[in-house]
Every structure is written in C-alpha cells, then in structure tokens.
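Novice: Provided below: data09.tsv, containing TSV, C-alpha atoms.
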```tsv
chain	number	residue	atom	x	y	z
B	1217	MET	CA	-35.70	-17.43	-4.49
B	1218	ALA	CA	-35.84	-21.15	-3.79
B	1219	GLU	CA	-36.02	-22.21	-0.16
B	1220	GLN	CA	-32.83	-23.66	1.23
B	1221	PRO	CA	-33.20	-27.25	2.46
B	1222	GLU	CA	-33.19	-27.57	6.22
B	1223	ARG	CA	-29.71	-28.38	7.46
B	1224	THR	CA	-29.30	-31.73	9.14
B	1225	PRO	CA	-27.54	-31.31	12.50
B	1226	GLY	CA	-23.94	-32.42	12.25
B	1227	ILE	CA	-22.08	-34.61	14.69
B	1228	ILE	CA	-20.89	-31.61	16.75
B	1229	ASP	CA	-24.42	-30.19	17.04
B	1230	GLN	CA	-25.77	-33.58	18.06
B	1231	ALA	CA	-23.00	-34.05	20.63
B	1232	LYS	CA	-23.75	-30.61	22.13
B	1233	ALA	CA	-27.47	-31.44	22.37
B	1234	ALA	CA	-26.72	-34.80	24.02
B	1235	TYR	CA	-24.32	-33.11	26.47
B	1236	GLU	CA	-26.88	-30.50	27.55
B	1237	GLN	CA	-29.55	-33.19	27.88
B	1238	VAL	CA	-27.38	-35.13	30.33
B	1239	VAL	CA	-26.40	-32.07	32.39
B	1240	CYS	CA	-30.04	-30.99	32.74
B	1241	ALA	CA	-31.15	-34.51	33.59
B	1242	ILE	CA	-28.69	-34.60	36.50
B	1243	ILE	CA	-28.88	-31.15	38.09
B	1244	ARG	CA	-31.88	-29.32	36.59
B	1245	PRO	CA	-34.65	-31.70	35.48
B	1246	PRO	CA	-38.17	-30.27	35.11
B	1247	ARG	CA	-39.18	-28.87	38.50
B	1248	THR	CA	-42.45	-30.12	39.93
B	1249	THR	CA	-44.83	-27.27	40.68
B	1250	TYR	CA	-48.00	-27.78	42.66
B	1251	ASP	CA	-50.63	-26.16	44.83
B	1252	GLU	CA	-50.97	-26.88	48.55
B	1253	ARG	CA	-54.33	-28.48	47.73
B	1254	HIS	CA	-52.48	-31.30	45.97
B	1255	LEU	CA	-51.33	-32.43	49.42
B	1256	GLY	CA	-54.87	-33.47	50.35
B	1257	PRO	CA	-57.07	-32.50	53.29
B	1258	ARG	CA	-55.68	-31.26	56.58
B	1259	ARG	CA	-57.97	-33.65	58.44
B	1260	PHE	CA	-59.40	-36.99	57.32
B	1261	GLU	CA	-60.68	-40.32	58.53
B	1262	PHE	CA	-58.92	-43.52	57.49
B	1263	LEU	CA	-60.15	-46.96	58.52
B	1264	GLY	CA	-62.07	-45.43	61.39
B	1265	ARG	CA	-59.21	-43.34	62.82
B	1266	THR	CA	-58.81	-39.56	62.45
B	1267	PHE	CA	-55.58	-38.23	60.94
B	1268	VAL	CA	-54.22	-34.73	60.41
B	1269	ARG	CA	-51.70	-33.14	58.08
B	1270	GLU	CA	-49.33	-30.60	59.57
B	1271	ASP	CA	-47.12	-28.47	57.31
B	1272	PHE	CA	-43.87	-26.98	58.62
B	1273	GLU	CA	-40.56	-25.60	57.40
B	1274	VAL	CA	-36.94	-26.22	58.28
B	1275	HIS	CA	-33.73	-24.60	56.99
B	1276	ASN	CA	-30.65	-26.46	55.78
B	1277	VAL	CA	-27.03	-25.45	56.38
B	1278	LYS	CA	-27.25	-23.00	53.47
B	1279	ASP	CA	-30.28	-21.42	55.16
B	1280	GLU	CA	-32.47	-22.59	52.29
B	1281	ARG	CA	-36.10	-23.13	53.26
B	1282	LEU	CA	-37.38	-26.72	53.00
B	1283	VAL	CA	-41.15	-27.23	52.98
B	1284	CYS	CA	-42.33	-30.33	54.87
B	1285	SER	CA	-45.55	-32.16	55.68
B	1286	ARG	CA	-46.39	-34.66	58.43
B	1287	TRP	CA	-49.37	-37.01	58.38
B	1288	ALA	CA	-50.20	-38.57	61.76
B	1289	ALA	CA	-53.09	-39.77	63.91
B	1290	GLU	CA	-54.87	-36.87	65.59
B	1291	GLU	CA	-54.80	-38.67	68.92
B	1292	ARG	CA	-51.40	-40.23	69.44
B	1293	PRO	CA	-48.80	-40.81	72.17
B	1294	PRO	CA	-46.28	-38.03	72.91
B	1295	MET	CA	-43.65	-39.81	70.76
B	1296	VAL	CA	-44.35	-41.98	67.71
B	1297	PRO	CA	-42.25	-43.89	65.17
B	1298	THR	CA	-41.79	-41.77	62.05
B	1299	LEU	CA	-41.14	-42.71	58.44
B	1300	ILE	CA	-39.36	-40.02	56.40
B	1301	PHE	CA	-40.16	-40.30	52.69
B	1302	MET	CA	-37.61	-38.83	50.25
B	1303	HIS	CA	-38.55	-38.19	46.63
B	1304	GLY	CA	-36.77	-38.56	43.29
B	1305	ASN	CA	-34.86	-35.82	41.45
B	1306	ALA	CA	-37.73	-34.34	39.43
B	1307	SER	CA	-40.41	-34.83	42.03
B	1308	ALA	CA	-41.59	-33.41	45.36
B	1309	ARG	CA	-43.14	-34.35	48.72
B	1310	LEU	CA	-46.35	-35.25	46.84
B	1311	GLU	CA	-44.64	-38.52	45.93
B	1312	ALA	CA	-45.35	-39.84	49.42
B	1313	ILE	CA	-49.14	-39.73	48.98
B	1314	PRO	CA	-49.54	-43.11	47.16
B	1315	GLN	CA	-47.66	-44.75	50.06
B	1316	LEU	CA	-49.66	-43.11	52.87
B	1317	GLY	CA	-52.30	-45.83	53.14
B	1318	THR	CA	-49.73	-48.55	53.70
B	1319	LEU	CA	-47.72	-46.48	56.18
B	1320	LEU	CA	-50.49	-44.89	58.23
B	1321	SER	CA	-52.21	-48.26	58.60
B	1322	LEU	CA	-49.01	-49.49	60.24
B	1323	GLY	CA	-49.39	-46.91	63.01
B	1324	VAL	CA	-46.48	-44.60	62.16
B	1325	ALA	CA	-46.33	-40.90	61.34
B	1326	VAL	CA	-45.13	-39.97	57.85
B	1327	VAL	CA	-42.97	-36.94	57.01
B	1328	SER	CA	-42.23	-35.90	53.44
B	1329	PHE	CA	-40.41	-32.79	52.24
B	1330	ASP	CA	-39.18	-31.04	49.10
B	1331	PHE	CA	-35.41	-31.19	48.76
B	1332	ALA	CA	-33.66	-27.88	48.03
B	1333	GLY	CA	-33.97	-27.24	44.30
B	1334	SER	CA	-37.20	-29.23	44.15
B	1335	GLY	CA	-40.89	-28.43	44.42
B	1336	LEU	CA	-41.70	-25.43	46.61
B	1337	SER	CA	-38.42	-25.40	48.57
B	1338	ASP	CA	-35.66	-22.85	47.99
B	1339	GLY	CA	-32.64	-23.65	45.85
B	1340	GLU	CA	-31.74	-23.75	42.16
B	1341	TYR	CA	-30.18	-27.15	41.52
B	1342	VAL	CA	-30.62	-30.74	42.64
B	1343	THR	CA	-27.42	-32.68	43.31
B	1344	LEU	CA	-28.56	-36.33	43.35
B	1345	GLY	CA	-27.60	-36.90	46.97
B	1346	ALA	CA	-24.64	-34.59	47.66
B	1347	ASN	CA	-26.57	-31.67	49.16
B	1348	GLU	CA	-29.78	-33.66	49.70
B	1349	ARG	CA	-27.94	-35.54	52.46
B	1350	LEU	CA	-27.64	-32.22	54.28
B	1351	ASP	CA	-31.36	-31.56	53.78
B	1352	CYS	CA	-32.12	-34.96	55.29
B	1353	ARG	CA	-29.89	-34.09	58.25
B	1354	ALA	CA	-31.81	-30.83	58.78
B	1355	VAL	CA	-35.17	-32.65	58.85
B	1356	VAL	CA	-33.97	-35.43	61.16
B	1357	THR	CA	-32.39	-32.88	63.52
B	1358	TYR	CA	-35.64	-30.91	63.63
B	1359	LEU	CA	-37.75	-33.99	64.39
B	1360	ARG	CA	-35.46	-35.18	67.17
B	1361	ALA	CA	-35.26	-31.72	68.76
B	1362	GLU	CA	-39.04	-31.40	68.59
B	1363	GLY	CA	-39.37	-34.43	70.84
B	1364	LYS	CA	-42.38	-36.05	69.12
B	1365	THR	CA	-40.47	-38.78	67.27
B	1366	SER	CA	-39.23	-42.11	68.61
B	1367	THR	CA	-37.77	-44.45	65.98
B	1368	ILE	CA	-36.96	-43.14	62.50
B	1369	ALA	CA	-36.97	-45.01	59.20
B	1370	PHE	CA	-36.46	-43.85	55.60
B	1371	TRP	CA	-38.27	-44.65	52.37
B	1372	GLY	CA	-36.36	-43.14	49.46
B	1373	ARG	CA	-36.91	-43.43	45.75
B	1374	SER	CA	-33.95	-43.12	43.38
B	1375	MET	CA	-32.23	-39.85	44.42
B	1376	GLY	CA	-34.07	-40.13	47.75
B	1377	ALA	CA	-32.78	-43.69	48.21
B	1378	VAL	CA	-29.19	-42.59	47.53
B	1379	THR	CA	-29.67	-39.73	50.01
B	1380	ALA	CA	-30.79	-42.25	52.64
B	1381	LEU	CA	-27.65	-44.34	52.09
B	1382	LEU	CA	-25.32	-41.33	52.26
B	1383	TYR	CA	-26.97	-39.97	55.41
B	1384	ALA	CA	-27.09	-43.35	57.18
B	1385	ASP	CA	-23.30	-43.45	57.12
B	1386	GLU	CA	-23.26	-40.55	59.61
B	1387	ASP	CA	-26.23	-41.60	61.77
B	1388	ASN	CA	-26.40	-45.12	63.19
B	1389	MET	CA	-29.67	-44.33	64.99
B	1390	VAL	CA	-31.78	-44.85	61.85
B	1391	ASP	CA	-33.86	-48.00	62.34
B	1392	ALA	CA	-34.64	-49.12	58.78
B	1393	MET	CA	-34.46	-48.04	55.13
B	1394	VAL	CA	-36.61	-48.84	52.10
B	1395	LEU	CA	-34.43	-48.13	49.05
B	1396	ASP	CA	-36.38	-47.99	45.79
B	1397	SER	CA	-34.21	-47.88	42.63
B	1398	PRO	CA	-31.02	-46.24	43.96
B	1399	PHE	CA	-27.97	-45.77	41.73
B	1400	ALA	CA	-24.61	-47.19	42.83
B	1401	SER	CA	-22.58	-44.12	41.85
B	1402	LEU	CA	-23.32	-40.92	39.97
B	1403	LYS	CA	-20.24	-41.43	37.79
B	1404	LEU	CA	-21.58	-44.78	36.60
B	1405	LEU	CA	-25.05	-43.33	36.07
B	1406	ALA	CA	-23.64	-40.35	34.15
B	1407	GLU	CA	-21.68	-42.71	31.89
B	1408	GLU	CA	-24.88	-44.61	31.13
B	1409	LEU	CA	-26.80	-41.39	30.47
B	1410	VAL	CA	-24.12	-40.14	28.06
B	1411	GLU	CA	-24.11	-43.47	26.23
B	1412	ARG	CA	-27.91	-43.44	26.05
B	1413	ALA	CA	-28.04	-39.85	24.81
B	1414	THR	CA	-25.44	-40.43	22.10
B	1415	GLU	CA	-27.17	-43.61	20.93
B	1416	GLN	CA	-30.16	-41.44	19.96
B	1417	THR	CA	-28.14	-39.30	17.53
B	1418	SER	CA	-28.53	-39.90	13.80
B	1419	THR	CA	-24.75	-39.95	13.35
B	1420	LYS	CA	-22.71	-42.36	15.42
B	1421	ILE	CA	-20.52	-40.43	17.87
B	1422	PRO	CA	-17.05	-42.03	18.30
B	1423	LYS	CA	-16.17	-43.56	21.66
B	1424	PHE	CA	-13.34	-41.08	22.27
B	1425	ALA	CA	-15.85	-38.25	21.83
B	1426	VAL	CA	-18.26	-39.90	24.29
B	1427	SER	CA	-15.43	-40.11	26.85
B	1428	GLY	CA	-14.58	-36.46	26.27
B	1429	MET	CA	-18.22	-35.50	26.63
B	1430	LEU	CA	-18.38	-37.17	30.04
B	1431	GLN	CA	-15.46	-35.04	31.22
B	1432	ILE	CA	-17.19	-31.89	29.96
B	1433	VAL	CA	-20.39	-32.95	31.74
B	1434	ARG	CA	-18.39	-33.37	34.95
B	1435	ARG	CA	-16.77	-29.93	34.64
B	1436	THR	CA	-20.08	-28.23	33.80
B	1437	ILE	CA	-21.89	-29.76	36.78
B	1438	ARG	CA	-18.99	-28.82	39.05
B	1439	SER	CA	-19.18	-25.23	37.77
B	1440	ARG	CA	-22.97	-24.86	37.99
B	1441	ALA	CA	-23.94	-26.92	41.03
B	1442	LYS	CA	-20.57	-26.98	42.87
B	1443	ILE	CA	-20.48	-30.78	43.10
B	1444	ASP	CA	-18.23	-33.44	41.62
B	1445	ILE	CA	-20.13	-36.37	40.14
B	1446	ASN	CA	-17.21	-38.64	41.05
B	1447	ASP	CA	-17.78	-37.94	44.76
B	1448	ILE	CA	-21.40	-39.15	44.87
B	1449	SER	CA	-20.96	-42.87	45.27
B	1450	ALA	CA	-23.36	-44.80	47.51
B	1451	ILE	CA	-21.46	-48.01	46.88
B	1452	ASP	CA	-18.47	-46.56	48.76
B	1453	HIS	CA	-20.68	-46.40	51.88
B	1454	THR	CA	-22.62	-49.68	51.77
B	1455	PRO	CA	-19.79	-51.88	53.16
B	1456	LYS	CA	-19.95	-49.74	56.34
B	1457	LEU	CA	-23.74	-49.62	56.79
B	1458	TYR	CA	-25.67	-51.80	59.24
B	1459	VAL	CA	-29.12	-50.18	59.17
B	1460	PRO	CA	-31.58	-52.91	58.04
B	1461	ALA	CA	-32.26	-52.24	54.35
B	1462	LEU	CA	-34.85	-53.36	51.81
B	1463	PHE	CA	-33.72	-52.79	48.23
B	1464	CYS	CA	-36.52	-52.59	45.65
B	1465	VAL	CA	-35.73	-53.26	42.00
B	1466	VAL	CA	-38.15	-52.45	39.16
B	1467	LYS	CA	-37.57	-55.03	36.44
B	1468	GLY	CA	-38.36	-52.74	33.50
B	1469	ASP	CA	-36.52	-49.67	34.81
B	1470	SER	CA	-35.44	-47.74	31.73
B	1471	PHE	CA	-33.56	-45.01	33.66
B	1472	ILE	CA	-31.55	-46.75	36.37
B	1473	ALA	CA	-30.44	-50.25	35.45
B	1474	ASN	CA	-31.19	-53.07	37.88
B	1475	LYS	CA	-27.47	-53.72	38.29
B	1476	HIS	CA	-27.20	-50.60	40.47
B	1477	SER	CA	-29.43	-52.02	43.21
B	1478	GLU	CA	-27.86	-55.45	42.80
B	1479	LEU	CA	-24.35	-54.01	43.33
B	1480	LEU	CA	-25.47	-52.03	46.37
B	1481	HIS	CA	-27.26	-55.04	47.87
B	1482	ALA	CA	-24.26	-57.32	47.32
B	1483	SER	CA	-21.88	-54.94	49.11
B	1484	TYR	CA	-24.22	-53.98	51.96
B	1485	ALA	CA	-22.90	-54.97	55.39
B	1486	GLY	CA	-26.06	-55.11	57.52
B	1487	ASP	CA	-29.36	-57.01	57.39
B	1488	LYS	CA	-30.51	-56.73	53.80
B	1489	PHE	CA	-33.31	-57.87	51.54
B	1490	ILE	CA	-33.97	-57.35	47.85
B	1491	LEU	CA	-37.38	-57.31	46.19
B	1492	SER	CA	-37.99	-57.30	42.44
B	1493	VAL	CA	-41.29	-55.98	41.05
B	1494	GLU	CA	-42.77	-55.34	37.62
B	1495	GLY	CA	-42.90	-51.89	36.06
B	1496	ASP	CA	-40.75	-48.99	34.90
B	1497	HIS	CA	-38.91	-46.27	36.82
B	1498	ASN	CA	-41.85	-43.90	37.24
B	1499	ASP	CA	-44.69	-46.45	37.36
B	1500	ALA	CA	-46.86	-46.79	40.46
B	1501	ARG	CA	-45.48	-49.55	42.64
B	1502	PRO	CA	-47.66	-52.69	42.84
B	1503	PRO	CA	-49.61	-53.68	45.98
B	1504	ALA	CA	-47.30	-56.68	46.50
B	1505	MET	CA	-44.40	-54.30	47.12
B	1506	HIS	CA	-46.43	-52.32	49.67
B	1507	VAL	CA	-47.31	-55.54	51.50
B	1508	PHE	CA	-43.63	-56.52	51.70
B	1509	VAL	CA	-42.61	-53.00	52.80
B	1510	ARG	CA	-45.16	-53.05	55.61
B	1511	ARG	CA	-43.87	-56.40	56.88
B	1512	PHE	CA	-40.29	-55.11	56.75
B	1513	LEU	CA	-41.12	-51.92	58.67
B	1514	GLU	CA	-43.23	-53.83	61.22
B	1515	ARG	CA	-40.16	-55.88	62.00
B	1516	TYR	CA	-37.67	-53.05	62.42
B	1517	MET	CA	-39.57	-49.88	63.46
B	1518	GLN	CA	-40.79	-51.32	66.77
B	1519	VAL	CA	-44.38	-50.19	66.28
B	1520	PRO	CA	-46.76	-51.60	68.93
B	1521	THR	CA	-49.18	-53.97	67.21
B	1522	SER	CA	-52.07	-52.26	68.97
B	1523	TRP	CA	-51.42	-49.11	66.92
B	1524	ALA	CA	-51.97	-50.85	63.58
B	1525	LEU	CA	-55.18	-50.52	61.61
B	1526	GLU	CA	-57.09	-53.12	59.63
B	1527	LYS	CA	-55.07	-54.74	56.82
B	1528	ARG	CA	-57.75	-54.16	54.21
B	1529	GLU	CA	-56.73	-54.90	50.61
B	1530	SER	CA	-57.27	-51.29	49.49
B	1531	VAL	CA	-54.67	-50.13	52.03
B	1532	PHE	CA	-51.92	-51.53	49.79
B	1533	SER	CA	-53.16	-49.74	46.66
B	1534	THR	CA	-52.03	-46.25	45.68
B	1535	LEU	CA	-55.36	-44.72	46.74
B	1536	PRO	CA	-54.89	-41.85	49.22
B	1537	PRO	CA	-56.14	-42.65	52.74
B	1538	TRP	CA	-59.01	-40.15	52.44
B	1539	HIS	CA	-60.41	-41.94	49.37
B	1540	PRO	CA	-64.06	-43.07	49.87
B	1541	THR	CA	-62.96	-46.70	49.50
B	1542	HIS	CA	-61.53	-46.62	53.02
B	1543	GLY	CA	-61.77	-43.07	54.34
B	1544	ARG	CA	-63.31	-39.62	54.05
B	1545	VAL	CA	-62.39	-35.97	54.24
B	1546	LEU	CA	-63.23	-34.30	57.57
B	1547	PRO	CA	-63.81	-30.60	58.25
B	1548	SER	CA	-60.84	-28.70	59.68
B	1549	GLU	CA	-60.19	-25.28	61.10
B	1550	GLY	CA	-59.36	-22.50	58.68
B	1551	PRO	CA	-60.64	-21.76	55.15
B	1552	ALA	CA	-61.96	-24.66	53.11
B	1553	HIS	CA	-60.08	-25.56	49.93
B	1554	ASP	CA	-61.09	-27.85	47.11
B	1555	LEU	CA	-58.73	-30.81	46.72
B	1556	LEU	CA	-56.76	-31.29	43.51
B	1557	ASP	CA	-55.72	-34.55	41.90
B	1558	LEU	CA	-52.01	-35.35	41.86
B	1559	GLU	CA	-52.18	-35.53	38.06
B	1560	ASP	CA	-52.69	-31.75	38.04
B	1561	ALA	CA	-49.21	-31.16	39.47
B	1562	SER	CA	-46.67	-30.37	36.77
B	1563	GLY	CA	-43.26	-31.94	36.48
B	1564	GLU	CA	-41.70	-35.00	34.95
B	1565	GLN	CA	-39.40	-37.47	36.62
B	1566	THR	CA	-36.44	-37.99	34.36
B	1567	VAL	CA	-33.60	-39.69	36.13
B	1568	GLY	CA	-34.26	-40.21	39.76
```
Write out the structure in this file as structure tokens.

Specialist:
Amino acid sequence: MAEQPERTPGIIDQAKAAYEQVVCAIIRPPRTTYDERHLGPRRFEFLGRTFVREDFEVHNVKDERLVCSRWAAEERPPMVPTLIFMHGNASARLEAIPQLGTLLSLGVAVVSFDFAGSGLSDGEYVTLGANERLDCRAVVTYLRAEGKTSTIAFWGRSMGAVTALLYADEDNMVDAMVLDSPFASLKLLAEELVERATEQTSTKIPKFAVSGMLQIVRRTIRSRAKIDINDISAIDHTPKLYVPALFCVVKGDSFIANKHSELLHASYAGDKFILSVEGDHNDARPPAMHVFVRRFLERYMQVPTSWALEKRESVFSTLPPWHPTHGRVLPSEGPAHDLLDLEDASGEQTVG
C-alpha cells in the first residue's frame, strides 16, 4: 500500500498552533531550573573587600514561597542601601549575577529573587507584572521589617521592569528604578505577539481571524492564570510616577519593540533618562550601560562615596565578582560545593 503524503497543516491548524504559542509565551514560558551552586560562592573577595551571599525565603499574599538571595559586604553598617533586581518572564534570580560587579562596587547590597511561577519559587504561572507586583511587595516588606535596609532601588528587566513600574505606583519611598526593556501594556504586546506568530504561518491568516485569536488568547489567559491582559498596562501608571527612572532600550530587540520604552519614557512624570544600547532582548548588556547605571544609582541611592570600591574596567563587564580577574572564592562555613557556570542552568527567555 502506497504511503499517504504528509498532510500540510491547514489554516485552522496553523492558527491553533500560533494561538497556543502566544499563550505559552505570556503565562508559561520555559521555566528556568538550576542548582544552588549556580548562585556562586557563599563567601568571596571582590576588589579587596569580603562579601557574603545569604539565601532566604518570603511568602506572598497567596502564601507561595519565594526564594531570595542577598549579596552584601561581610562587614557593613547596620543599614545599607539595597538594590532589588527583578528578572524577566522565563528567567530567575540568577539573572542578577552579571550585574553584581557593577552594583557591589558601588557599595550597595543586592537582593534578587524568583517570582512565583519562576525558577525555584512556588507557583504555576507567570503573569507579566500582575501578580509579580505582589511578590515585589512581599520582598520589600520583608526587607523593611528586617531593619537592615536604608534606601531601596529597583533594577528590572522586561517583566521585572514592568513589575517595578506597577509597584512604584503604590510606594513612593522607592529611590530609583533602572527599567530595561519594559513593555507599555500587555494588550499591545499580545497584539504584536499574535501578529508575529501568524506571520510565520505558511498560509496567510486573515486580519479578522487574527483579531478573533487575540480575544481567544485573552479568555484563555484569564481562565488559566486568572488575569486579564487588558489590565496590565504600565503606561497607565507612568503619568503618576515620580521615582527617578532610567529607561534602557536595546536597539535590536526582537521581542519587545523599542517603541514600548519610548512611550513609557515620554509619559513618565518624574526625573527620567533614556539610554539606547546595541544588542537583542536576551543579549548581555554592554559595559557602557553598566557605567551609566552606576552613575545614575550613585546620584539617587545616597550611597556614601567612602563605601565605593575601585572603578576598575572589569567591574563593568558581566564577569561575576568572584572571577579571578578581580576577586576570588573564599572558604565558608558548611559543606563545600563546586560552582557551576550559569550556562548550565536550563531555561530560555522568550518574551520578557
């Protein structure tokens, strides 16, 4: 019996595949999995000063466990300025590591955590800012109650940047925000994702079908993750925000168009700056951006200049602070563990 030729997917099959691709990209992208060893040593020397990593947990309003890490000088004042780093939608707290050299050299402590639905934290779905805002609130509340934190600033990338904007509208005590590749509204981003997904089909999907698909995407996300994509709109908050903000635009961003940051910057009420750098959405950020970020944070985080370390060129690279170029791993209490490279962590950043 002759083999039947393989059936070419029809327009309905292709539309279904594009729809599921968009839904997964928004609320269930590949989840980053990693080992604690990916976080680096618990104790290390950086530019002649000793630093430690402390891991802790907090719970959000849903009682979901959020795993957190803090990197800080071993000998430090009772209260120190703290930078909270917030990752993208298919990432985890590991994303802070390439920025640690720049931040620790400034003299601040750095806290990074896995949002619910990400990394090693509890939770099934990510929500691109809706519930992540509540996770941010839980971490900030914990740090303030602990009594070891003075000023607080945010560095968020994509979903993390949107989370920073949404949270800042309820907390005017935040001192500064670095906003790397945020999206203006989830509705606008979803429209772009649907258009992009349907452009990849072999058969052109009519515009009316694309519009219908967007409505189905909205209903599906509302059913699965209990959020409405029309409600997640950072640009509705920016005219009311006065926290000093640095918007960072990646010129070749193939996931979130530059116009998103440009719209947010244009409507922002407070002190604002915008920086454009080369690269794509998930590329390592260039040293020039780290230099600018450090200057921005120096200005607004009120860090005593005596706390800062040497401004060596390697500080502004993506090398971790314990790298032999400018640091070394130190022995710590407890069992010794071999360190793992970040490349060994699994997961792929797809949208934010």

Novice: For Ile1368 in chain B, which of B:Thr1318, B:Thr1298, B:Asn1305, B:Asn1446 is the closest residue, counting only C-alpha atoms?

Specialist: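 Between B:Thr1318, B:Thr1298, B:Asn1305, B:Asn1446, the residue approaching Ile1368 in chain B most closely is B:Thr1298.
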
Novice: Distance CA of Gly1468 in chain B-CA of Asp1496 in chain B, one decimal place?

Specialist: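 About the pair CA of Gly1468 in chain B and CA of Asp1496 in chain B: they are 4.7 Å apart.
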
Novice: Counting only C-alpha atoms, which residues come within 10 Å of (-29.5, -33.1, 60.0), with the point read in the file's coordinates, and could you list them as an mmCIF file with C-alpha atoms, in the frame of the given file?

Specialist:
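The resulting file, out_6.cif, is shown below:
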```
data_model
loop_
_atom_site.group_PDB
_atom_site.id
_atom_site.type_symbol
_atom_site.label_atom_id
_atom_site.label_comp_id
_atom_site.auth_asym_id
_atom_site.auth_seq_id
_atom_site.Cartn_x
_atom_site.Cartn_y
_atom_site.Cartn_z
ATOM 1 C CA HIS B 1275 -33.730 -24.600 56.990
ATOM 2 C CA ASN B 1276 -30.650 -26.460 55.780
ATOM 3 C CA VAL B 1277 -27.030 -25.450 56.380
ATOM 4 C CA ARG B 1349 -27.940 -35.540 52.460
ATOM 5 C CA LEU B 1350 -27.640 -32.220 54.280
ATOM 6 C CA ASP B 1351 -31.360 -31.560 53.780
ATOM 7 C CA CYS B 1352 -32.120 -34.960 55.290
ATOM 8 C CA ARG B 1353 -29.890 -34.090 58.250
ATOM 9 C CA ALA B 1354 -31.810 -30.830 58.780
ATOM 10 C CA VAL B 1355 -35.170 -32.650 58.850
ATOM 11 C CA VAL B 1356 -33.970 -35.430 61.160
ATOM 12 C CA THR B 1357 -32.390 -32.880 63.520
ATOM 13 C CA TYR B 1358 -35.640 -30.910 63.630
ATOM 14 C CA LEU B 1359 -37.750 -33.990 64.390
ATOM 15 C CA ARG B 1360 -35.460 -35.180 67.170
ATOM 16 C CA TYR B 1383 -26.970 -39.970 55.410
ATOM 17 C CA GLU B 1386 -23.260 -40.550 59.610
ATOM 18 C CA ASP B 1387 -26.230 -41.600 61.770
#
```

Novice: Could you give me, as a compact mmCIF listing (two decimals) with C-alpha atoms, in the coordinates of the input, the residues that sit within 12 Å of (-41.6, -24.4, 61.5) in the file's coordinates, counting only C-alpha atoms?

Specialist:
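Done, and the output landed in part.txt:
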```
# COMPACT_ATOMS: atom_id res chain seq x y z
CA GLU B 1270 -49.33 -30.60 59.57
CA ASP B 1271 -47.12 -28.47 57.31
CA PHE B 1272 -43.87 -26.98 58.62
CA GLU B 1273 -40.56 -25.60 57.40
CA VAL B 1274 -36.94 -26.22 58.28
CA HIS B 1275 -33.73 -24.60 56.99
CA ARG B 1281 -36.10 -23.13 53.26
CA LEU B 1282 -37.38 -26.72 53.00
CA VAL B 1283 -41.15 -27.23 52.98
CA CYS B 1284 -42.33 -30.33 54.87
CA SER B 1285 -45.55 -32.16 55.68
CA ARG B 1286 -46.39 -34.66 58.43
CA VAL B 1355 -35.17 -32.65 58.85
CA TYR B 1358 -35.64 -30.91 63.63
CA LEU B 1359 -37.75 -33.99 64.39
CA GLU B 1362 -39.04 -31.40 68.59
```

Novice: Neighbours of range 1378-1381 of chain B within 9 Å (all atoms listed in the file; same-chain residues fewer than 5 positions away dropped), as a PyMOL selection string?

Specialist: chain B and resi 1302+1344-1350+1352+1370-1373+1393-1395+1397-1401+1448-1451+1453-1454+1457

Novice: Which of these residues is nearest to Lys1232 in chain B, using all atoms listed in the file: B:Val1390, B:Leu1546, B:Ile1445, B:Ala1413?

Specialist: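 The answer is B:Ala1413, which sits nearest to Lys1232 in chain B.
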
Novice: Closest to Gly1339 in chain B among B:Ala1369, B:Leu1263, B:Ile1243, B:Leu1322, using all atoms listed in the file?

Specialist: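 Comparing B:Ala1369, B:Leu1263, B:Ile1243, B:Leu1322 against Gly1339 in chain B, the winner is B:Ile1243.
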
Novice: Between CA of Ala1500 in chain B and CA of Met1375 in chain B, what is the distance, to one decimal in Å?

Specialist: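 Rounded to one decimal, the two atoms are 16.7 Å apart.
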
Novice: CA of Phe1532 in chain B to CA of Asp1391 in chain B: how many Å, to one decimal?

Specialist: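 Atom-to-atom, CA of Phe1532 in chain B to CA of Asp1391 in chain B, that is 22.3 Å.
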
Novice: Kindly indicate which residue among B:Asp1396, B:Pro1537, B:Val1519, B:Arg1438 lies nearest to Ser1492 in chain B, using all atoms listed in the file for the distances.

Specialist: B:Asp1396

Novice: Nearest to Met1389 in chain B: which of B:Phe1463, B:Tyr1341, B:Phe1301, B:Tyr1458 is it, counting all atoms listed in the file?

Specialist: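 Among the listed residues, B:Tyr1458 lies closest to Met1389 in chain B.
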
Novice: Which one of B:His1476, B:Asp1447, B:His1497, B:Pro1293 sits closest to Leu1382 in chain B if you count all atoms listed in the file?

Specialist: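 Closest to Leu1382 in chain B of all the choices is B:Asp1447.
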
Novice: Residues within 8 Å of Lys1488 in chain B, please, as a PyMOL selection string. Count only C-alpha atoms; anything in the same chain fewer than 2 positions from it doesn't count.

Specialist: chain B and resi 1460-1463+1481+1484-1486+1490
